[in-house]
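Please read the structure below before turning to the comments.
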There are 2 protein chains.
Amino acid sequence: MQLSEQQLDRFETEGWLFLPEVFAPAEVGLLRAEADRVYALDREEIWRESSGVARTAFAAQTYNEAFARLGRHPRLVEPVMQILGGPVYMHQFKVNAKAAFDGDVWQWHQDYGTWARDDLMPEPRAMNIALFLDDVTAANGPLMIIPGSHRQGVFDAGHDLATTSYPLWTLDRETVTRLAEAGGIEAPTGPAGSVLMFHCNLVHASPPNISPFGRVIVYLSLCHVDNHIRRFKRPQWIAHRDFAPIDCLPDDCLLDLVHEGQAAE
Amino acid sequence: MQLSEQQLDRFETEGWLFLPEVFAPAEVGLLRAEADRVYALDREEIWRESSGVARTAFAAQTYNEAFARLGRHPRLVEPVMQILGGPVYMHQFKVNAKAAFDGDVWQWHQDYGTWARDDLMPEPRAMNIALFLDDVTAANGPLMIIPGSHRQGVFDAGHDLATTSYPLWTLDRETVTRLAEAGGIEAPTGPAGSVLMFHCNLVHASPPNISPFGRVIVYLSLCHVDNHIRRFKRPQWIAHRDFAPIDCLPDDCLLDLVHEGQAAE
């Protein structure tokens, strides 16, 4: 999967790209079922909301075969290599739940703000590519992004330890308002299997999910291998320390697993 | 403004209708500015979020000329008379703010549940017609509705005094989940000036607004005059006691006010 010149230009200007239905229903169905199995595990990598439901599972690619394959999937890794201009390693891997009724807010932030402050990642030569495992609608807490907000570097941020169960470096209201008045706000919605790519300095957030429908999105945070983090303050399951370039699997690596599962039944 | 047979059929089945851009930008601009003036008043009818920003202004048609005219506007009152089959009175009038950053949730509920329990309104011969005074998007806390949920009467509800600053009879998660699995969830979005009509038993909610953009919607709750409330437990500015039929003004009643304002400048 290669991005067109037009897509590359758009990414540079807007800081994001939305690609509908990149993964097939069989692939998504496998991963969605695996997400529920992961959330049921009693592991330190599974962060929970104050209500107790899962908020995010870190590093699932290290203890789940389906997510291990997704973390090396050419449909996710190759477009990022194209944008970052070389080999990449996995800096962070999250299966974010946004559970029905209980899924809480992610405050306005830039991912690279955290990676620079906490992990001493030298440059914003890293980015996110996200796969929707459920339909994302206006009703179930969609991700919100401010187009163009990635072009002004890292903004000042405060370490918010109170709003949710997860500490986050968040932007102040004046900055968010100024950026949104310039760039507007987009809330990319679409069917399960769709892919959203965005720059690590793009300002984003997501509201609580008050609907009865859960909304799982997997985030791969990929970094150019030359740009690996320099400080190991956070647990290795949050900010990984294996800087070896990702070696992509074949395009049908997930379908193979689907078929293996069917053969075993 | 008359609804078509197709629209009437759809309302009966789905319980709601969305009519984009019914009011012109000049009319909306006037009302939006008046909403800010109303929110700045120190009156008991202005309910505030726990943060202090306005949540809803009740009965603004009784102390603001622009909203007084809107409450008698033929583009809002006549389609409701058509659906309810006769003259209507104003049961409730709300200018709901959903303020930028601070606008809080409205939990899942049915309006008629409250009107029946608190006000002893005999039958669900009443409904809401809402006018968007801002663009409503997936990003600024849109109203969510469960299509078809109006056809099963009034559900059991609990009186939620804790979640927000405003007490509300709210539905339990099992009921909301069952209804949404049958009917789905719609979040009608559209430009300022659009109109949303919905049945008084339609189950609805709205999430917090974490965006920097406010989102004002005016709700007229109109009731057939024969179906007026029988108990006067709540303040008259929440549940009105003037059951006289609304006498519509001319279609240009708001534009006249715009022009008067311009002439006075």
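Residues in the structure tokens are numbered from 1 in each chain, the chains being A, B, ... in the order shown, and ligands are numbered from 1 in the order shown.
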For chain A, which residues have at least one atom within 7 Å of chain B, if we go by only C-alpha atoms? Write them as a ChimeraX atom specification, please.
/A:138-139,144,176-177,185,187,207,210,212
Any chance you can output those residues with N, CA, C and O atoms as an mmCIF file, in the first residue's frame?
```cif
data_model
loop_
_atom_site.group_PDB
_atom_site.id
_atom_site.type_symbol
_atom_site.label_atom_id
_atom_site.label_comp_id
_atom_site.auth_asym_id
_atom_site.auth_seq_id
_atom_site.Cartn_x
_atom_site.Cartn_y
_atom_site.Cartn_z
ATOM 1 N N ALA A 138 -20.615 9.682 15.311
ATOM 2 C CA ALA A 138 -20.721 10.874 16.152
ATOM 3 C C ALA A 138 -21.202 10.507 17.549
ATOM 4 O O ALA A 138 -21.026 11.281 18.489
ATOM 5 N N ALA A 139 -21.791 9.318 17.691
ATOM 6 C CA ALA A 139 -22.435 8.952 18.956
ATOM 7 C C ALA A 139 -21.522 8.237 19.945
ATOM 8 O O ALA A 139 -21.844 8.167 21.122
ATOM 9 N N MET A 144 -11.270 13.512 17.931
ATOM 10 C CA MET A 144 -11.361 14.845 17.336
ATOM 11 C C MET A 144 -9.956 15.362 17.088
ATOM 12 O O MET A 144 -9.093 15.220 17.965
ATOM 13 N N VAL A 176 -6.023 25.640 22.613
ATOM 14 C CA VAL A 176 -6.954 24.805 21.841
ATOM 15 C C VAL A 176 -7.941 25.690 21.078
ATOM 16 O O VAL A 176 -8.229 25.457 19.898
ATOM 17 N N THR A 177 -8.438 26.728 21.737
ATOM 18 C CA THR A 177 -9.407 27.620 21.081
ATOM 19 C C THR A 177 -8.766 28.330 19.894
ATOM 20 O O THR A 177 -9.348 28.384 18.802
ATOM 21 N N ILE A 185 -12.360 21.838 13.618
ATOM 22 C CA ILE A 185 -12.218 20.532 14.258
ATOM 23 C C ILE A 185 -12.843 19.485 13.348
ATOM 24 O O ILE A 185 -13.938 19.684 12.831
ATOM 25 N N ALA A 187 -13.902 15.337 13.150
ATOM 26 C CA ALA A 187 -14.101 14.109 13.927
ATOM 27 C C ALA A 187 -14.273 12.980 12.916
ATOM 28 O O ALA A 187 -15.384 12.685 12.496
ATOM 29 N N PRO A 207 -14.061 12.664 23.342
ATOM 30 C CA PRO A 207 -15.003 12.894 24.437
ATOM 31 C C PRO A 207 -15.388 11.581 25.112
ATOM 32 O O PRO A 207 -15.100 10.508 24.591
ATOM 33 N N ILE A 210 -21.026 8.105 25.935
ATOM 34 C CA ILE A 210 -22.223 7.859 26.755
ATOM 35 C C ILE A 210 -23.171 6.894 26.056
ATOM 36 O O ILE A 210 -24.238 6.602 26.564
ATOM 37 N N PRO A 212 -24.443 3.194 24.246
ATOM 38 C CA PRO A 212 -24.323 1.778 24.634
ATOM 39 C C PRO A 212 -23.397 0.996 23.706
ATOM 40 O O PRO A 212 -23.331 -0.222 23.824
#
```
Assign secondary structure with DSSP using the backbone only, and return the residues of range 4-249 of chain B in helix (DSSP H, G or I) as an MDAnalysis selection string.
chainID B and resid 5:14 25:39 60:62 65:70 74:84 111:119 149:152 173:183 225:227
Near Gly71 in chain A, counting only C-alpha atoms, which residues have an atom at most 9 Å away, once you skip same-chain residues fewer than 3 positions from it, shown as a compact mmCIF listing (two decimals) with C-alpha atoms, in the first residue's frame?
```txt
# COMPACT_ATOMS: atom_id res chain seq x y z
CA GLN A 61 1.59 -6.95 20.37
CA ALA A 66 -3.20 -11.31 16.40
CA PHE A 67 -1.93 -7.94 17.63
CA ALA A 68 1.67 -9.10 17.11
CA PRO A 74 2.32 -3.86 5.74
CA LEU A 76 -0.06 0.01 8.53
CA VAL A 77 3.73 0.04 8.63
CA MET A 90 7.35 0.49 17.44
CA PHE A 93 1.09 0.18 20.87
CA LEU A 220 0.47 2.06 16.44
CA ILE A 246 10.00 -3.58 11.89
CA CYS A 248 6.71 -6.46 7.68
```
Would you pick out the contacts of Thr13 in chain A at 7 Å or less, using only C-alpha atoms, so that residues sharing its chain but fewer than 3 positions from it are not included, and give the list as a PyMOL selection string?
chain A and resi 9-10+148
Quick one: residues within 12 Å of Met121 in chain A, only C-alpha atoms counted, chain neighbours fewer than 3 positions away excluded, as number ranges by chain?
A: 91, 111-118, 124-126, 200, 222-233, 239-241
For N, CA and C atoms, I'd like the residues from the last selection saved as a CSV table (one decimal), in the first residue's frame.
```
chain,number,residue,atom,x,y,z
A,91,HIS,N,7.3,2.5,18.9
A,91,HIS,CA,7.5,3.2,20.1
A,91,HIS,C,6.4,2.9,21.1
A,111,ASP,N,0.8,14.0,21.1
A,111,ASP,CA,1.5,12.8,21.5
A,111,ASP,C,3.0,13.1,21.6
A,112,TYR,N,3.5,13.8,20.7
A,112,TYR,CA,5.0,14.1,20.7
A,112,TYR,C,5.4,14.9,21.9
A,113,GLY,N,4.4,15.7,22.4
A,113,GLY,CA,4.7,16.5,23.7
A,113,GLY,C,5.1,15.5,24.8
A,114,THR,N,4.4,14.4,24.9
A,114,THR,CA,4.7,13.4,25.9
A,114,THR,C,6.0,12.7,25.6
A,115,TRP,N,6.1,12.3,24.3
A,115,TRP,CA,7.3,11.5,23.9
A,115,TRP,C,8.6,12.4,24.1
A,116,ALA,N,8.5,13.7,23.8
A,116,ALA,CA,9.7,14.5,24.0
A,116,ALA,C,10.0,14.7,25.5
A,117,ARG,N,9.0,15.1,26.3
A,117,ARG,CA,9.2,15.4,27.7
A,117,ARG,C,9.6,14.2,28.5
A,118,ASP,N,8.8,13.1,28.3
A,118,ASP,CA,9.0,11.9,29.2
A,118,ASP,C,10.1,11.0,28.7
A,124,PRO,N,10.2,15.2,16.1
A,124,PRO,CA,8.9,14.6,15.8
A,124,PRO,C,8.9,13.8,14.5
A,125,ARG,N,9.9,12.9,14.4
A,125,ARG,CA,9.9,11.9,13.3
A,125,ARG,C,9.3,10.6,13.7
A,126,ALA,N,8.0,10.7,14.1
A,126,ALA,CA,7.2,9.6,14.6
A,126,ALA,C,5.8,10.0,14.3
A,200,CYS,N,2.5,13.3,14.8
A,200,CYS,CA,2.7,13.2,16.3
A,200,CYS,C,2.5,14.5,17.0
A,222,LEU,N,4.7,4.8,15.6
A,222,LEU,CA,5.9,4.3,14.9
A,222,LEU,C,6.9,5.5,14.8
A,223,CYS,N,8.1,5.1,15.0
A,223,CYS,CA,9.2,6.2,15.1
A,223,CYS,C,10.3,5.7,14.1
A,224,HIS,N,10.9,6.7,13.4
A,224,HIS,CA,12.1,6.4,12.6
A,224,HIS,C,13.2,5.8,13.5
A,225,VAL,N,13.9,4.8,13.1
A,225,VAL,CA,14.8,4.1,14.0
A,225,VAL,C,15.9,5.0,14.4
A,226,ASP,N,16.3,6.0,13.6
A,226,ASP,CA,17.4,7.0,14.0
A,226,ASP,C,16.9,7.9,15.1
A,227,ASN,N,15.6,8.0,15.3
A,227,ASN,CA,15.0,8.9,16.2
A,227,ASN,C,14.5,8.3,17.6
A,228,HIS,N,15.1,7.2,17.9
A,228,HIS,CA,14.6,6.4,19.1
A,228,HIS,C,14.8,7.2,20.4
A,229,ILE,N,14.0,6.9,21.4
A,229,ILE,CA,14.0,7.6,22.6
A,229,ILE,C,15.3,7.5,23.3
A,230,ARG,N,15.7,8.5,24.1
A,230,ARG,CA,17.0,8.5,24.8
A,230,ARG,C,16.8,8.3,26.3
A,231,ARG,N,15.6,8.4,26.9
A,231,ARG,CA,15.4,8.2,28.3
A,231,ARG,C,14.4,7.1,28.6
A,232,PHE,N,14.7,6.3,29.6
A,232,PHE,CA,13.8,5.2,29.9
A,232,PHE,C,13.2,5.4,31.2
A,233,LYS,N,12.4,6.4,31.3
A,233,LYS,CA,11.7,6.8,32.6
A,233,LYS,C,10.4,6.0,32.7
A,239,ALA,N,6.6,2.8,26.8
A,239,ALA,CA,7.5,3.4,25.8
A,239,ALA,C,8.6,2.3,25.5
A,240,HIS,N,8.4,1.7,24.4
A,240,HIS,CA,9.3,0.5,24.1
A,240,HIS,C,10.7,0.9,23.9
A,241,ARG,N,11.6,-0.2,24.1
A,241,ARG,CA,13.0,0.0,24.0
A,241,ARG,C,13.7,-0.9,23.0
```
